[in-house]
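Asks: Could you have a look at this structure, given as structure tokens, before my questions?
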Amino acid sequence: MVEFTLPAYADLSTVDLPAYTAVHASTERVLLQQPLAHRGMPAEYQYKTKRMALRLGRRLYGTSMPCYGKNAVIEGSVTVKTFKNVKEVSVTIIGKVTTNLIERGFPVVHDTRVVLFEHKILWSETPGEAPPSTPTEFPISFPLPTYARGRNTALPPTATMITPCMEGDVRYSIKIDMCRKGLRRHECTMTPILYLPRSVPTSVRSVNTTFEEVEEKTLESPEIQWRTTEVQPSEEAPASRPFVEFSLPLPLSYPSQMHIPFMINILTSDEIDPDVVLSNLSVTFLKRMTISVNGYRTQSDKLLGVATVWKMEKIGEGLWSICGSVGGGREAGEMSWCLPGSIDVKYCVQLIMKPSERGIRLTHKHIEVVQMTTHEELTLDDARELPALGLIGVRCRDT
């Protein structure tokens, strides 16, 4: 390999630049225009049977199954190798939500709800016409709907949830059917796919911030609007009980893995020790999963994060302020969603203040339900149709 010494910028007008060629050298790295398939995986999604073949395009994201985002279009082709004794060929896109009540390790109550069903006949026998004598390719195109079938709730993402007594599963698949004449074996192929919709907050924030880096000064900013709730004590309280407020920034919708700032205001006539109060304070971020099966229901919480307290200071006579932030979960991998009567996924900020001699003398507990989205905002026009890859492998287990 010939080595060149690059000239100084001041000498570019007098010195000839080295010649460049479109052919790369053996020591240079090349950026490919299309991604490489993972080791052991073909470059395209292909599924074959004895008489049919389904193709669903290039393997863009290196996933084992094809994945699609919100309102994406499932495109591909079905190739029928032979039409001998074939009566009909059809394709169906199916989405099912299955919930089971488990007893001693076995499902005893089962419920299945169809949230997506799109059917199309690719070819059918016509009396008096001869079927194709050569392999024929049929293009398929199915735009995914926004809402679940027969409901006004959004189409749920692919997910699996397991608790000690119940389990829930959301699955999508493409079914190719070949109906054959007489007593010949019916041929069918079922191909699983992933539905991973991106989501953004439904309302705009009052201040332009993503909460990626939350500073203490933002808590005192008059531009930020807060949702403030009075926290009642868990037990019967005297008239001179402490007054506790818990505040979160509006709207109560936040992107995954972002730190959510909070404020706690305490008004009390007692002398309190800040260290004792903080040692008995717990602010956590929870993922709450509810599974329902034919009237039975179970609820489980998964801890995603613990709060970081920035400061506790006295701001008035008997008035204390606590500032901090809480967050957790997977980046672009947390999303609130619900299919009424089957599965409900919520996110909560939970506040617990335990009683102590030199702190708050009563137990205070509060849970604020918030909405989680995969993204803060989507700038590209077609970004919503891209899959939220952080949702891949969402398998929630109650431990």
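Every chain in the structure tokens takes a letter, A first, then B, and so on in the order presented; its residues are numbered from 1, and the ligands are numbered from 1 following the presented order.
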Residues at most 7 Å from A:Lys346, counting only C-alpha atoms, excluding those fewer than 2 positions away in the same chain, as JSON, numbers by chain?

Replies: {"A": [287, 288, 289, 336, 344, 348]}

Asks: Put those residues in a file: N, CA, C and O atoms, as a JSON list (two decimals), in the first residue's frame.

Replies:
[["chain", "number", "residue", "atom", "x", "y", "z"],
["A", 287, "LYS", "N", -44.21, -1.00, 38.36],
["A", 287, "LYS", "CA", -44.99, -1.45, 37.21],
["A", 287, "LYS", "C", -46.07, -2.38, 37.75],
["A", 287, "LYS", "O", -45.78, -3.42, 38.34],
["A", 288, "ARG", "N", -47.32, -1.98, 37.56],
["A", 288, "ARG", "CA", -48.44, -2.74, 38.12],
["A", 288, "ARG", "C", -49.16, -3.49, 37.01],
["A", 288, "ARG", "O", -49.67, -2.90, 36.05],
["A", 289, "MET", "N", -49.22, -4.81, 37.13],
["A", 289, "MET", "CA", -49.85, -5.67, 36.12],
["A", 289, "MET", "C", -51.09, -6.32, 36.70],
["A", 289, "MET", "O", -51.02, -6.93, 37.77],
["A", 336, "SER", "N", -47.54, 2.09, 28.99],
["A", 336, "SER", "CA", -48.84, 1.82, 29.60],
["A", 336, "SER", "C", -49.82, 1.36, 28.52],
["A", 336, "SER", "O", -49.90, 1.96, 27.45],
["A", 344, "ASP", "N", -54.08, -5.34, 32.09],
["A", 344, "ASP", "CA", -53.93, -3.92, 32.32],
["A", 344, "ASP", "C", -52.53, -3.67, 32.86],
["A", 344, "ASP", "O", -52.13, -4.26, 33.86],
["A", 348, "CYS", "N", -46.78, 3.36, 38.45],
["A", 348, "CYS", "CA", -47.15, 4.11, 39.64],
["A", 348, "CYS", "C", -45.91, 4.66, 40.33],
["A", 348, "CYS", "O", -44.86, 4.02, 40.35]]

Asks: Name the residues of stretch 39-226 of chain A that fall into strand (DSSP E) according to DSSP on the backbone, using the chain letters and numbers of this document, as JSON, numbers by chain.

Replies: {"A": [44, 45, 46, 47, 48, 52, 53, 54, 55, 56, 57, 58, 67, 68, 73, 74, 75, 76, 77, 78, 79, 80, 86, 87, 88, 89, 90, 91, 92, 93, 94, 95, 96, 97, 98, 99, 100, 101, 102, 103, 106, 107, 108, 109, 110, 111, 112, 113, 114, 115, 116, 117, 118, 119, 120, 121, 122, 123, 124, 136, 137, 138, 139, 140, 141, 142, 143, 159, 160, 161, 162, 166, 167, 168, 169, 170, 171, 172, 173, 174, 175, 176, 177, 178, 179, 180, 187, 188, 189, 190, 191, 192, 193, 194, 195, 226]}

Asks: Take atom CA of A:Thr98 and atom CA of A:Val170 and report the distance between them in Å, one decimal.

Replies: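 Here the two named atoms are 6.5 Å from each other.
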
Asks: Determine, counting only C-alpha atoms, which protein, DNA and RNA residues have an atom within 10 Å of an atom of A:Ile315; residues of the same chain fewer than 5 positions away are not included. Present the result as JSON, numbers by chain.

Replies: {"A": [265, 320, 321]}

Asks: What is the atom CA of A:Ala154-atom CA of A:Tyr68 distance in Å, reported with one decimal?

Replies: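 Computed distance, atom CA of A:Ala154 to atom CA of A:Tyr68, equals 14.8 Å.
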
Asks: Could you give me, as JSON lines, a per-residue list for stretch 257-363 of chain A showing, wherever an atom lies at most 10 Å from an atom of stretch 177-199 of chain A, the closest pair of atoms and their distance in Å to one decimal, using only C-alpha atoms and sorting by chain then residue number from low to high?

Replies:
{"residue": "A:Ala332", "atom": "CA", "partner": "A:Arg198", "partner_atom": "CA", "distance": 8.3}
{"residue": "A:Gly333", "atom": "CA", "partner": "A:Arg198", "partner_atom": "CA", "distance": 9.4}
{"residue": "A:Glu334", "atom": "CA", "partner": "A:Ser199", "partner_atom": "CA", "distance": 9.7}
{"residue": "A:Met335", "atom": "CA", "partner": "A:Ser199", "partner_atom": "CA", "distance": 7.4}
{"residue": "A:Ser336", "atom": "CA", "partner": "A:Ser199", "partner_atom": "CA", "distance": 9.1}

Asks: For A:Gly150, which of A:Val115, A:Ser279, A:Tyr254, A:Pro249 is the closest residue, counting only C-alpha atoms?

Replies: A:Val115

Asks: Pick out the residues sitting within 8 Å of A:Pro274, and hand them over as a PyMOL selection string; count only C-alpha atoms, and ignore anything fewer than 5 positions along from it in its own chain.

Replies: chain A and resi 312-313+359

Asks: List every residue of stretch 266-380 of chain A that has an atom at most 12 Å from any atom of stretch 102-112 of chain A, giving for each one its closest atom pair and the distance in Å to one decimal, counting only C-alpha atoms, sorted by chain and then by ascending residue number, as a tab-separated table.

Replies:
residue	atom	partner	partner_atom	distance
A:Ile291	CA	A:Asp111	CA	11.0
A:Ser292	CA	A:Asp111	CA	9.0
A:Val293	CA	A:Asp111	CA	6.1
A:Asn294	CA	A:Asp111	CA	6.9
A:Gly295	CA	A:Val109	CA	10.2
A:Tyr296	CA	A:Val109	CA	9.1
A:Arg297	CA	A:Val109	CA	11.6
A:Thr298	CA	A:Ile102	CA	11.1
A:Leu339	CA	A:Thr112	CA	11.9
A:Gly341	CA	A:Asp111	CA	10.0
A:Ser342	CA	A:Asp111	CA	8.3
A:Ile343	CA	A:Asp111	CA	11.4

Asks: Determine, counting only C-alpha atoms, which protein, DNA and RNA residues have an atom within 10 Å of an atom of A:Tyr47; residues of the same chain fewer than 2 positions away are not included. Present the result as number ranges by chain.

Replies: A: 44-45, 49, 52-56, 78, 189-191

Asks: Quick one: everything within 10 Å of A:Pro251, counting only C-alpha atoms, minus sequence neighbours fewer than 2 positions away in the same chain. Send it as a count of residues only.

Replies: 16

Asks: Could you tell me which of A:Val309, A:Ile140, A:Lys175, A:Val349 comes closest to A:Leu252 if we count only C-alpha atoms?

Replies: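 Smallest distance to A:Leu252 is found for A:Val349.
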